[in-house]
$ cat structure.pdb   # PDB, C-alpha atoms
ATOM      1  CA  MET C   1    -120.923 -50.899-112.732  1.00  0.00           C
ATOM      2  CA  ALA C   2    -118.609 -51.073-109.705  1.00  0.00           C
ATOM      3  CA  ASN C   3    -115.028 -52.238-110.009  1.00  0.00           C
ATOM      4  CA  PHE C   4    -114.860 -55.478-108.012  1.00  0.00           C
ATOM      5  CA  ASN C   5    -111.534 -57.210-107.327  1.00  0.00           C
ATOM      6  CA  PHE C   6    -111.172 -60.101-104.919  1.00  0.00           C
ATOM      7  CA  ASN C   7    -108.305 -62.569-104.553  1.00  0.00           C
ATOM      8  CA  LYS C   8    -108.505 -64.911-101.561  1.00  0.00           C
ATOM      9  CA  VAL C   9    -107.745 -68.602-101.241  1.00  0.00           C
ATOM     10  CA  MET C  10    -108.024 -71.052 -98.334  1.00  0.00           C
ATOM     11  CA  LEU C  11    -106.263 -74.407 -98.516  1.00  0.00           C
ATOM     12  CA  GLY C  12    -105.836 -77.243 -96.078  1.00  0.00           C
ATOM     13  CA  GLY C  13    -103.390 -80.048 -96.727  1.00  0.00           C
ATOM     14  CA  ARG C  14    -100.052 -81.626 -95.836  1.00  0.00           C
ATOM     15  CA  LEU C  15     -96.546 -80.361 -96.508  1.00  0.00           C
ATOM     16  CA  THR C  16     -94.749 -82.369 -99.189  1.00  0.00           C
ATOM     17  CA  ALA C  17     -91.252 -81.565 -97.848  1.00  0.00           C
ATOM     18  CA  ASP C  18     -89.557 -79.800 -94.943  1.00  0.00           C
ATOM     19  CA  PRO C  19     -89.725 -76.029 -95.459  1.00  0.00           C
ATOM     20  CA  GLU C  20     -86.390 -74.226 -95.692  1.00  0.00           C
ATOM     21  CA  LEU C  21     -86.118 -70.666 -94.427  1.00  0.00           C
ATOM     22  CA  LYS C  22     -84.125 -68.245 -96.591  1.00  0.00           C
ATOM     23  CA  THR C  23     -83.561 -64.504 -96.451  1.00  0.00           C
ATOM     24  CA  THR C  24     -83.588 -61.920 -99.208  1.00  0.00           C
ATOM     25  CA  GLN C  25     -80.714 -59.503 -99.805  1.00  0.00           C
ATOM     26  CA  ASN C  26     -82.611 -57.081 -97.550  1.00  0.00           C
ATOM     27  CA  ASN C  27     -82.716 -59.680 -94.708  1.00  0.00           C
ATOM     28  CA  ILE C  28     -86.433 -60.444 -95.132  1.00  0.00           C
ATOM     29  CA  PRO C  29     -87.312 -64.054 -94.157  1.00  0.00           C
ATOM     30  CA  VAL C  30     -89.038 -66.078 -96.881  1.00  0.00           C
ATOM     31  CA  VAL C  31     -90.014 -69.724 -97.157  1.00  0.00           C
ATOM     32  CA  SER C  32     -91.419 -71.620-100.127  1.00  0.00           C
ATOM     33  CA  PHE C  33     -93.164 -74.939 -99.674  1.00  0.00           C
ATOM     34  CA  SER C  34     -95.752 -77.168-101.323  1.00  0.00           C
ATOM     35  CA  ILE C  35     -98.830 -78.778 -99.879  1.00  0.00           C
ATOM     36  CA  ALA C  36    -100.834 -81.720-101.153  1.00  0.00           C
ATOM     37  CA  VAL C  37    -104.598 -81.343-100.939  1.00  0.00           C
ATOM     38  CA  ASN C  38    -106.654 -84.487-101.424  1.00  0.00           C
ATOM     39  CA  ARG C  39    -109.419 -84.156-103.948  1.00  0.00           C
ATOM     40  CA  ARG C  40    -112.873 -84.521-102.556  1.00  0.00           C
ATOM     41  CA  PHE C  41    -113.879 -86.816-105.381  1.00  0.00           C
ATOM     42  CA  GLY C  42    -111.156 -89.273-106.339  1.00  0.00           C
ATOM     43  CA  SER C  43    -111.053 -91.754-109.156  1.00  0.00           C
ATOM     44  CA  LYS C  44    -113.464 -94.648-109.333  1.00  0.00           C
ATOM     45  CA  ASP C  45    -110.725 -97.218-108.666  1.00  0.00           C
ATOM     46  CA  ALA C  46    -110.368 -95.898-105.077  1.00  0.00           C
ATOM     47  CA  GLN C  47    -106.955 -94.331-105.649  1.00  0.00           C
ATOM     48  CA  GLN C  48    -106.564 -91.115-103.737  1.00  0.00           C
ATOM     49  CA  GLN C  49    -105.845 -88.131-105.936  1.00  0.00           C
ATOM     50  CA  ALA C  50    -104.319 -84.870-104.785  1.00  0.00           C
ATOM     51  CA  ASP C  51    -103.551 -81.422-106.110  1.00  0.00           C
ATOM     52  CA  PHE C  52    -100.231 -79.786-105.260  1.00  0.00           C
ATOM     53  CA  PHE C  53     -99.919 -76.077-104.530  1.00  0.00           C
ATOM     54  CA  ASN C  54     -96.754 -73.992-104.263  1.00  0.00           C
ATOM     55  CA  ILE C  55     -96.902 -71.529-101.389  1.00  0.00           C
ATOM     56  CA  THR C  56     -94.646 -68.647-100.387  1.00  0.00           C
ATOM     57  CA  ALA C  57     -94.691 -67.085 -96.918  1.00  0.00           C
ATOM     58  CA  TRP C  58     -92.849 -63.935 -95.841  1.00  0.00           C
ATOM     59  CA  ARG C  59     -91.521 -62.405 -92.606  1.00  0.00           C
ATOM     60  CA  SER C  60     -92.963 -63.771 -89.342  1.00  0.00           C
ATOM     61  CA  THR C  61     -95.234 -66.195 -91.188  1.00  0.00           C
ATOM     62  CA  ALA C  62     -92.160 -67.664 -92.904  1.00  0.00           C
ATOM     63  CA  GLU C  63     -90.400 -68.049 -89.566  1.00  0.00           C
ATOM     64  CA  ILE C  64     -93.402 -69.829 -88.021  1.00  0.00           C
ATOM     65  CA  VAL C  65     -93.676 -72.256 -90.965  1.00  0.00           C
ATOM     66  CA  SER C  66     -89.973 -73.097 -90.918  1.00  0.00           C
ATOM     67  CA  ARG C  67     -89.914 -73.548 -87.152  1.00  0.00           C
ATOM     68  CA  TYR C  68     -93.075 -75.548 -86.480  1.00  0.00           C
ATOM     69  CA  PHE C  69     -94.000 -77.419 -89.668  1.00  0.00           C
ATOM     70  CA  ARG C  70     -92.306 -80.461 -91.224  1.00  0.00           C
ATOM     71  CA  LYS C  71     -92.969 -82.824 -94.129  1.00  0.00           C
ATOM     72  CA  GLY C  72     -96.366 -84.432 -93.556  1.00  0.00           C
ATOM     73  CA  SER C  73     -97.614 -81.725 -91.163  1.00  0.00           C
ATOM     74  CA  SER C  74    -101.210 -80.658 -91.650  1.00  0.00           C
ATOM     75  CA  ILE C  75    -101.520 -76.947 -92.349  1.00  0.00           C
ATOM     76  CA  PHE C  76    -104.284 -74.483 -93.152  1.00  0.00           C
ATOM     77  CA  VAL C  77    -103.222 -71.572 -95.373  1.00  0.00           C
ATOM     78  CA  VAL C  78    -105.092 -68.345 -96.094  1.00  0.00           C
ATOM     79  CA  GLY C  79    -103.645 -66.164 -98.812  1.00  0.00           C
ATOM     80  CA  SER C  80    -103.934 -64.922-102.363  1.00  0.00           C
ATOM     81  CA  ILE C  81    -103.146 -66.300-105.799  1.00  0.00           C
ATOM     82  CA  GLN C  82    -100.260 -64.704-107.665  1.00  0.00           C
ATOM     83  CA  ASN C  83     -99.262 -65.289-111.284  1.00  0.00           C
ATOM     84  CA  ARG C  84     -95.724 -64.636-112.449  1.00  0.00           C
ATOM     85  CA  SER C  85     -93.818 -65.031-115.677  1.00  0.00           C
ATOM     86  CA  TRP C  86     -90.195 -65.078-116.786  1.00  0.00           C
ATOM     87  CA  THR C  87     -88.096 -65.984-119.782  1.00  0.00           C
ATOM     88  CA  ASP C  88     -85.854 -69.030-119.344  1.00  0.00           C
ATOM     89  CA  GLN C  89     -82.310 -69.460-120.689  1.00  0.00           C
ATOM     90  CA  GLN C  90     -83.629 -70.811-123.996  1.00  0.00           C
ATOM     91  CA  GLY C  91     -85.800 -67.697-124.480  1.00  0.00           C
ATOM     92  CA  VAL C  92     -89.068 -69.511-123.743  1.00  0.00           C
ATOM     93  CA  LYS C  93     -91.664 -67.563-121.766  1.00  0.00           C
ATOM     94  CA  ARG C  94     -92.612 -69.511-118.596  1.00  0.00           C
ATOM     95  CA  TYR C  95     -95.545 -69.037-116.237  1.00  0.00           C
ATOM     96  CA  ALA C  96     -96.234 -70.083-112.667  1.00  0.00           C
ATOM     97  CA  THR C  97     -99.118 -69.675-110.274  1.00  0.00           C
ATOM     98  CA  ASP C  98     -98.309 -69.499-106.560  1.00  0.00           C
ATOM     99  CA  ILE C  99    -100.170 -68.912-103.344  1.00  0.00           C
ATOM    100  CA  VAL C 100     -98.804 -66.101-101.175  1.00  0.00           C
ATOM    101  CA  ALA C 101     -99.671 -66.974 -97.572  1.00  0.00           C
ATOM    102  CA  ASP C 102    -101.124 -64.243 -95.388  1.00  0.00           C
ATOM    103  CA  GLU C 103    -101.902 -66.647 -92.528  1.00  0.00           C
ATOM    104  CA  VAL C 104    -100.976 -70.202 -91.571  1.00  0.00           C
ATOM    105  CA  HIS C 105    -102.755 -72.243 -88.926  1.00  0.00           C
ATOM    106  CA  PHE C 106    -101.971 -75.426 -87.032  1.00  0.00           C
ATOM    107  CA  VAL C 107    -104.263 -78.353 -87.813  1.00  0.00           C
ATOM    108  CA  ASP C 108    -102.550 -81.212 -85.953  1.00  0.00           C
ATOM    109  CA  SER C 109    -103.225 -81.358 -82.232  1.00  0.00           C
ATOM    110  CA  ARG C 110    -100.329 -80.779 -79.883  1.00  0.00           C
ATOM    111  CA  GLY C 111     -98.263 -83.939 -79.792  1.00  0.00           C
ATOM    112  CA  GLU C 112     -99.525 -85.164 -83.184  1.00  0.00           C
ATOM    113  CA  GLY C 113     -97.970 -85.027 -86.619  1.00  0.00           C
ATOM    114  CA  PRO C 114     -94.364 -85.062 -87.821  1.00  0.00           C
ATOM    115  CA  ALA C 115     -93.400 -81.746 -86.205  1.00  0.00           C
ATOM    116  CA  ALA C 116     -94.194 -83.095 -82.748  1.00  0.00           C
ATOM    117  CA  GLN C 117     -91.909 -86.082 -83.292  1.00  0.00           C
ATOM    118  CA  GLN C 118     -88.956 -83.975 -84.453  1.00  0.00           C
ATOM    119  CA  GLN C 119     -89.234 -80.902 -82.275  1.00  0.00           C
ATOM    120  CA  SER C 120     -91.270 -79.833 -79.311  1.00  0.00           C
ATOM    121  CA  TYR C 121     -93.208 -76.623 -79.595  1.00  0.00           C
ATOM    122  CA  THR C 122     -95.792 -74.699 -77.648  1.00  0.00           C
ATOM    123  CA  PRO C 123     -98.489 -73.198 -79.857  1.00  0.00           C
ATOM    124  CA  ASP C 124     -99.905 -71.634 -76.690  1.00  0.00           C
ATOM    125  CA  ALA C 125     -97.194 -68.994 -77.026  1.00  0.00           C
ATOM    126  CA  TYR C 126     -99.301 -67.537 -79.848  1.00  0.00           C
ATOM    127  CA  ALA C 127    -102.574 -67.750 -77.945  1.00  0.00           C
ATOM    128  CA  ALA C 128    -104.213 -64.819 -76.237  1.00  0.00           C
ATOM    129  CA  PRO C 129    -102.766 -64.041 -72.809  1.00  0.00           C
ATOM    130  CA  ALA C 130    -104.579 -65.441 -69.813  1.00  0.00           C
ATOM    131  CA  TYR C 131    -106.348 -63.089 -67.426  1.00  0.00           C
ATOM    132  CA  SER C 132    -104.471 -62.356 -64.261  1.00  0.00           C
ATOM    133  CA  ASN C 133    -104.780 -60.049 -61.317  1.00  0.00           C
ATOM    134  CA  GLN C 134    -102.555 -59.198 -58.404  1.00  0.00           C
ATOM    135  CA  ALA C 135    -104.178 -61.554 -55.909  1.00  0.00           C
ATOM    136  CA  GLY C 136    -103.823 -64.545 -58.228  1.00  0.00           C
ATOM    137  CA  SER C 137    -107.534 -65.359 -58.031  1.00  0.00           C
ATOM    138  CA  ALA C 138    -110.128 -65.361 -60.793  1.00  0.00           C
ATOM    139  CA  PRO C 139    -110.993 -61.959 -62.278  1.00  0.00           C
ATOM    140  CA  ASN C 140    -114.044 -60.126 -61.024  1.00  0.00           C
ATOM    141  CA  PHE C 141    -116.882 -60.247 -63.555  1.00  0.00           C
ATOM    142  CA  GLU C 142    -120.234 -58.557 -63.212  1.00  0.00           C
ATOM    143  CA  GLU C 143    -123.010 -61.115 -62.933  1.00  0.00           C
ATOM    144  CA  ILE C 144    -125.988 -60.543 -65.231  1.00  0.00           C
ATOM    145  CA  LYS C 145    -129.109 -62.114 -63.869  1.00  0.00           C
ATOM    146  CA  THR C 146    -131.442 -61.998 -66.902  1.00  0.00           C
ATOM    147  CA  ASP C 147    -131.348 -61.126 -70.572  1.00  0.00           C
ATOM    148  CA  ASP C 148    -133.257 -57.948 -69.716  1.00  0.00           C
ATOM    149  CA  ASP C 149    -130.110 -56.630 -67.990  1.00  0.00           C
ATOM    150  CA  LEU C 150    -128.041 -56.819 -71.189  1.00  0.00           C
ATOM    151  CA  PRO C 151    -127.160 -53.404 -72.637  1.00  0.00           C
ATOM    152  CA  PHE C 152    -127.986 -54.392 -76.238  1.00  0.00           C
TER     153      PHE C 152
END

$ encode --input "structure.pdb" --output "structure tokens"
Amino acid sequence: MANFNFNKVMLGGRLTADPELKTTQNNIPVVSFSIAVNRRFGSKDAQQQADFFNITAWRSTAEIVSRYFRKGSSIFVVGSIQNRSWTDQQGVKRYATDIVADEVHFVDSRGEGPAAQQQSYTPDAYAAPAYSNQAGSAPNFEEIKTDDDLPF
């Protein structure tokens, strides 16, 4: 039997508070934040129910979260689940489950959401560069007349 290990989580929700960027003793940026994710099936009395997830992001991902996201911002997080334990001051063993973010994605459109009201940003800075050539005109592409001309 093969050894199979897989730990991947995808969550979409809203930040419950403004994220605060910190740095470790080794100057590594880190941010911890929580998101609320509405349950697909709420209670019968029409009250919305949500689950809350603690998320930690490191390095450039931490900087992006702290710069562009605010309380109430919609966010999509891809990461892994991490369990940790420690002993508190009373000697009681404590446990926590966190999400370590590998990727974060914008969900709100430009100009929407709390981040747009507090700070302007240009998500296009993270988009792929536009094609350009020296003449400033559109790039030259080879025209393919039929599917029979495709190389695959």

$ resolve_selection --input "structure.pdb" --expression "the PyMOL selection byres ((chain C and resi 52) around 12)" --output "PyMOL selection string"
chain C and resi 11-17+33-39+49-51+53-55+97-99

$ atom_distance --input "structure.pdb" --atom1 "atom CA of C:Phe41" --atom2 "atom CA of C:Asp102"
27.8 Å

$ closest_residue --input "structure.pdb" --among "C:Asp18, C:Asn83, C:Glu103, C:Arg40" --to "C:Ser60" --atoms "only C-alpha atoms"
C:Glu103

$ atom_distance --input "structure.pdb" --atom1 "atom CA of C:Ile64" --atom2 "atom CA of C:Gly79"
15.3 Å

$ atom_distance --input "structure.pdb" --atom1 "atom CA of C:Pro19" --atom2 "atom CA of C:Ser74"
13.0 Å

$ closest_residue --input "structure.pdb" --among "C:Asp108, C:Asn7, C:Ile81, C:Thr61" --to "C:Ala96" --atoms "all atoms listed in the file"
C:Ile81

$ closest_residue --input "structure.pdb" --among "C:Lys93, C:Arg84, C:Gly72, C:Ala101" --to "C:Thr56" --atoms "only C-alpha atoms"
C:Ala101

$ closest_residue --input "structure.pdb" --among "C:Ala57, C:Gln90, C:Tyr95, C:Glu20" --to "C:Arg70" --atoms "all atoms listed in the file"
C:Glu20

$ residues_around --input "structure.pdb" --residues "C:Met10" --least-positions-apart "2" --cutoff "9 Å" --atoms "only C-alpha atoms" --output "list in words"
Lys8, Gly12, Phe76, Val77, Val78, Gly79 and Ser80 of chain C

$ closest_residue --input "structure.pdb" --among "C:Gln48, C:Thr24, C:Ser66, C:Asn3" --to "C:Val104" --atoms "all atoms listed in the file"
C:Ser66

$ closest_residue --input "structure.pdb" --among "C:Trp86, C:Val107, C:Val100, C:Lys71" --to "C:Val30" --atoms "only C-alpha atoms"
C:Val100

$ decode --input "structure.pdb" --residues "stretch 97-109 of chain C" --atoms "all heavy atoms" --output "PDB file, in the first residue's frame"
ATOM      1  N   THR C  97      -5.762  24.565  16.105  1.00  0.00           N
ATOM      2  CA  THR C  97      -5.682  24.208  14.689  1.00  0.00           C
ATOM      3  C   THR C  97      -5.728  25.497  13.898  1.00  0.00           C
ATOM      4  O   THR C  97      -6.634  26.309  14.071  1.00  0.00           O
ATOM      5  CB  THR C  97      -6.848  23.288  14.290  1.00  0.00           C
ATOM      6  OG1 THR C  97      -6.794  22.110  15.098  1.00  0.00           O
ATOM      7  CG2 THR C  97      -6.770  22.906  12.827  1.00  0.00           C
ATOM      8  N   ASP C  98      -4.740  25.707  13.051  1.00  0.00           N
ATOM      9  CA  ASP C  98      -4.635  26.916  12.229  1.00  0.00           C
ATOM     10  C   ASP C  98      -4.520  26.539  10.763  1.00  0.00           C
ATOM     11  O   ASP C  98      -4.170  25.412  10.423  1.00  0.00           O
ATOM     12  CB  ASP C  98      -3.388  27.732  12.605  1.00  0.00           C
ATOM     13  CG  ASP C  98      -3.427  28.237  14.031  1.00  0.00           C
ATOM     14  OD1 ASP C  98      -4.459  28.789  14.429  1.00  0.00           O
ATOM     15  OD2 ASP C  98      -2.410  28.082  14.732  1.00  0.00           O
ATOM     16  N   ILE C  99      -4.788  27.515   9.935  1.00  0.00           N
ATOM     17  CA  ILE C  99      -4.561  27.391   8.498  1.00  0.00           C
ATOM     18  C   ILE C  99      -3.313  28.204   8.182  1.00  0.00           C
ATOM     19  O   ILE C  99      -3.233  29.378   8.548  1.00  0.00           O
ATOM     20  CB  ILE C  99      -5.749  27.938   7.681  1.00  0.00           C
ATOM     21  CG1 ILE C  99      -7.083  27.334   8.147  1.00  0.00           C
ATOM     22  CG2 ILE C  99      -5.511  27.751   6.195  1.00  0.00           C
ATOM     23  CD1 ILE C  99      -7.198  25.849   8.027  1.00  0.00           C
ATOM     24  N   VAL C 100      -2.350  27.612   7.520  1.00  0.00           N
ATOM     25  CA  VAL C 100      -1.169  28.334   7.055  1.00  0.00           C
ATOM     26  C   VAL C 100      -1.401  28.644   5.579  1.00  0.00           C
ATOM     27  O   VAL C 100      -1.534  27.723   4.762  1.00  0.00           O
ATOM     28  CB  VAL C 100       0.123  27.518   7.256  1.00  0.00           C
ATOM     29  CG1 VAL C 100       1.324  28.279   6.708  1.00  0.00           C
ATOM     30  CG2 VAL C 100       0.328  27.200   8.724  1.00  0.00           C
ATOM     31  N   ALA C 101      -1.498  29.918   5.254  1.00  0.00           N
ATOM     32  CA  ALA C 101      -1.843  30.353   3.898  1.00  0.00           C
ATOM     33  C   ALA C 101      -0.646  30.224   2.965  1.00  0.00           C
ATOM     34  O   ALA C 101       0.431  30.734   3.258  1.00  0.00           O
ATOM     35  CB  ALA C 101      -2.337  31.786   3.909  1.00  0.00           C
ATOM     36  N   ASP C 102      -0.844  29.540   1.867  1.00  0.00           N
ATOM     37  CA  ASP C 102       0.148  29.500   0.792  1.00  0.00           C
ATOM     38  C   ASP C 102      -0.163  30.576  -0.245  1.00  0.00           C
ATOM     39  O   ASP C 102       0.734  31.134  -0.861  1.00  0.00           O
ATOM     40  CB  ASP C 102       0.142  28.131   0.101  1.00  0.00           C
ATOM     41  CG  ASP C 102       0.555  27.008   1.033  1.00  0.00           C
ATOM     42  OD1 ASP C 102       1.429  27.232   1.904  1.00  0.00           O
ATOM     43  OD2 ASP C 102      -0.011  25.904   0.909  1.00  0.00           O
ATOM     44  N   GLU C 103      -1.458  30.826  -0.449  1.00  0.00           N
ATOM     45  CA  GLU C 103      -1.918  31.817  -1.429  1.00  0.00           C
ATOM     46  C   GLU C 103      -3.104  32.570  -0.854  1.00  0.00           C
ATOM     47  O   GLU C 103      -3.899  31.998  -0.106  1.00  0.00           O
ATOM     48  CB  GLU C 103      -2.408  31.145  -2.717  1.00  0.00           C
ATOM     49  CG  GLU C 103      -1.474  30.196  -3.378  1.00  0.00           C
ATOM     50  CD  GLU C 103      -2.180  29.410  -4.483  1.00  0.00           C
ATOM     51  OE1 GLU C 103      -3.132  29.927  -5.111  1.00  0.00           O
ATOM     52  OE2 GLU C 103      -1.781  28.266  -4.714  1.00  0.00           O
ATOM     53  N   VAL C 104      -3.231  33.836  -1.212  1.00  0.00           N
ATOM     54  CA  VAL C 104      -4.442  34.608  -0.927  1.00  0.00           C
ATOM     55  C   VAL C 104      -4.871  35.275  -2.229  1.00  0.00           C
ATOM     56  O   VAL C 104      -4.028  35.645  -3.051  1.00  0.00           O
ATOM     57  CB  VAL C 104      -4.237  35.664   0.181  1.00  0.00           C
ATOM     58  CG1 VAL C 104      -3.946  35.002   1.513  1.00  0.00           C
ATOM     59  CG2 VAL C 104      -3.167  36.655  -0.164  1.00  0.00           C
ATOM     60  N   HIS C 105      -6.169  35.397  -2.403  1.00  0.00           N
ATOM     61  CA  HIS C 105      -6.694  35.976  -3.643  1.00  0.00           C
ATOM     62  C   HIS C 105      -7.759  37.010  -3.317  1.00  0.00           C
ATOM     63  O   HIS C 105      -8.539  36.847  -2.385  1.00  0.00           O
ATOM     64  CB  HIS C 105      -7.290  34.882  -4.535  1.00  0.00           C
ATOM     65  CG  HIS C 105      -6.298  33.843  -4.935  1.00  0.00           C
ATOM     66  ND1 HIS C 105      -5.462  33.981  -6.009  1.00  0.00           N
ATOM     67  CD2 HIS C 105      -5.985  32.651  -4.370  1.00  0.00           C
ATOM     68  CE1 HIS C 105      -4.697  32.929  -6.104  1.00  0.00           C
ATOM     69  NE2 HIS C 105      -4.985  32.095  -5.124  1.00  0.00           N
ATOM     70  N   PHE C 106      -7.802  38.054  -4.138  1.00  0.00           N
ATOM     71  CA  PHE C 106      -8.833  39.077  -4.030  1.00  0.00           C
ATOM     72  C   PHE C 106     -10.160  38.495  -4.490  1.00  0.00           C
ATOM     73  O   PHE C 106     -10.212  37.764  -5.478  1.00  0.00           O
ATOM     74  CB  PHE C 106      -8.499  40.283  -4.914  1.00  0.00           C
ATOM     75  CG  PHE C 106      -7.266  41.019  -4.476  1.00  0.00           C
ATOM     76  CD1 PHE C 106      -6.039  40.737  -5.033  1.00  0.00           C
ATOM     77  CD2 PHE C 106      -7.334  42.007  -3.505  1.00  0.00           C
ATOM     78  CE1 PHE C 106      -4.903  41.416  -4.642  1.00  0.00           C
ATOM     79  CE2 PHE C 106      -6.205  42.685  -3.102  1.00  0.00           C
ATOM     80  CZ  PHE C 106      -4.987  42.395  -3.676  1.00  0.00           C
ATOM     81  N   VAL C 107     -11.230  38.837  -3.792  1.00  0.00           N
ATOM     82  CA  VAL C 107     -12.571  38.427  -4.197  1.00  0.00           C
ATOM     83  C   VAL C 107     -13.390  39.658  -4.562  1.00  0.00           C
ATOM     84  O   VAL C 107     -14.109  39.643  -5.549  1.00  0.00           O
ATOM     85  CB  VAL C 107     -13.268  37.604  -3.091  1.00  0.00           C
ATOM     86  CG1 VAL C 107     -14.677  37.239  -3.493  1.00  0.00           C
ATOM     87  CG2 VAL C 107     -12.463  36.350  -2.776  1.00  0.00           C
ATOM     88  N   ASP C 108     -13.281  40.733  -3.769  1.00  0.00           N
ATOM     89  CA  ASP C 108     -13.992  41.967  -4.073  1.00  0.00           C
ATOM     90  C   ASP C 108     -13.464  42.552  -5.372  1.00  0.00           C
ATOM     91  O   ASP C 108     -12.270  42.484  -5.661  1.00  0.00           O
ATOM     92  CB  ASP C 108     -13.790  43.007  -2.957  1.00  0.00           C
ATOM     93  CG  ASP C 108     -14.458  42.604  -1.653  1.00  0.00           C
ATOM     94  OD1 ASP C 108     -15.519  41.950  -1.709  1.00  0.00           O
ATOM     95  OD2 ASP C 108     -13.909  42.945  -0.591  1.00  0.00           O
ATOM     96  N   SER C 109     -14.344  43.149  -6.149  1.00  0.00           N
ATOM     97  CA  SER C 109     -13.925  43.855  -7.351  1.00  0.00           C
ATOM     98  C   SER C 109     -13.206  45.130  -6.960  1.00  0.00           C
ATOM     99  O   SER C 109     -13.391  45.638  -5.853  1.00  0.00           O
ATOM    100  CB  SER C 109     -15.131  44.218  -8.218  1.00  0.00           C
ATOM    101  OG  SER C 109     -15.787  43.058  -8.638  1.00  0.00           O
TER     102      SER C 109
END
